[in-house]
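Participant: Below is a structure I'd like to ask you about.
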Amino acid sequence: MKKIYSAKDPLMVAHLKNVLETYGVKCVTRKLDLAIAAGELPLIECWPELWIVDDDKKAEAETILKRTLAPLASVKKPWRCEGCREEIGGQFSECWKCGRTRDHKRRLPVLTVVKRSRRKR
């Protein structure tokens with residue numbers, strides 16, 4: 001067994017375990033409950049760890065983790081809306097101004113707020 005990943009967040013370790021198992025790489029988590037010892041032990045020694053069972057799959061597991069943890073290309077750079085020419089942050093898929101999607105295939109409906117009259121009862 002070889003340690004492949006360690007992080008402060010146990011949810012990230014559990015997520016990556018699920019990702020690797022989806023690709024057929026058997027793995028186990030360790031030190032999930034060691035956070036209570038933080039302070040008595042160095043903090044980094046208390047972080048949860050992800051270990052792969054088959055040493056021969058280490059390169060494959062590292063490639064999968066690298067792809068999984070890499071930022072998406074669409075998030076890296078902003079895009080310009082074809083409808084209203086507004087510059088939109090890369091993490092968004094719809095224009096905040098006109099509602100058009102990044103792929104320009106369809107226009108999302110724009111919600112309007114209707115003011116209700118207040119009646120006395």
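Please note that chains go A, B, ... in the order of the structure tokens, that every chain numbers its residues from 1, and that ligands are numbered from 1 in the order shown.
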If you run DSSP on the backbone, which residues of range 4-108 of chain A are strand (DSSP E or B), as a list in words?
Facilitator: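 These are the residues in question: Ile4, Tyr5, Ser6, Cys27, Val28, Thr29, Arg30, Ala38, Leu41, Glu49, Leu50, Trp51, Ile52, Trp79, Arg80, Glu87, Ile88, Glu94, Arg100, Thr101 and Arg107 of chain A.
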Participant: Quick one: everything within 6 Å of Cys27 in chain A, counting only C-alpha atoms, minus sequence neighbours fewer than 6 positions away in the same chain. Send it as a PyMOL selection string.
Facilitator: chain A and resi 51-53
Participant: Keeping N, CA and C atoms, export the residues of the selection given above as a PDB file, in the first residue's frame.
Facilitator:
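Written output follows (selection_2.pdb):
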ATOM      1  N   TRP A  51      -4.865   6.010   0.788  1.00  0.00           N
ATOM      2  CA  TRP A  51      -3.861   5.021   0.407  1.00  0.00           C
ATOM      3  C   TRP A  51      -4.436   4.106  -0.660  1.00  0.00           C
ATOM      4  N   ILE A  52      -3.609   3.772  -1.669  1.00  0.00           N
ATOM      5  CA  ILE A  52      -4.050   2.799  -2.672  1.00  0.00           C
ATOM      6  C   ILE A  52      -3.558   1.419  -2.247  1.00  0.00           C
ATOM      7  N   VAL A  53      -4.358   0.402  -2.516  1.00  0.00           N
ATOM      8  CA  VAL A  53      -4.041  -0.965  -2.103  1.00  0.00           C
ATOM      9  C   VAL A  53      -2.997  -1.586  -3.017  1.00  0.00           C
TER      10      VAL A  53
END
Participant: Rank nothing, just name the residue among A:Glu82, A:Glu87, A:Glu49, A:Glu60 nearest to Met12 in chain A, using only C-alpha atoms.
Facilitator: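 Of A:Glu82, A:Glu87, A:Glu49, A:Glu60, the one nearest Met12 in chain A is A:Glu49, counting only C-alpha atoms.
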Participant: Name the residues in contact with range 14-16 of chain A at a cut-off of 9 Å, using only C-alpha atoms, excluding same-chain residues fewer than 2 positions from it; report them as a ChimeraX atom specification.
Facilitator: /A:5,9-12,18-21,29,50,65,68
Participant: Per DSSP on the backbone, what are the helix (DSSP H, G or I) residues of range 7-74 of chain A, as a PyMOL selection string?
Facilitator: chain A and resi 10-22+34-37+43-46+55-69+73-74
Participant: Just how far from CA of Tyr23 in chain A is CA of Ile4 in chain A, in Å to one decimal?
Facilitator: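 Going from CA of Ile4 in chain A over to CA of Tyr23 in chain A covers 15.0 Å.
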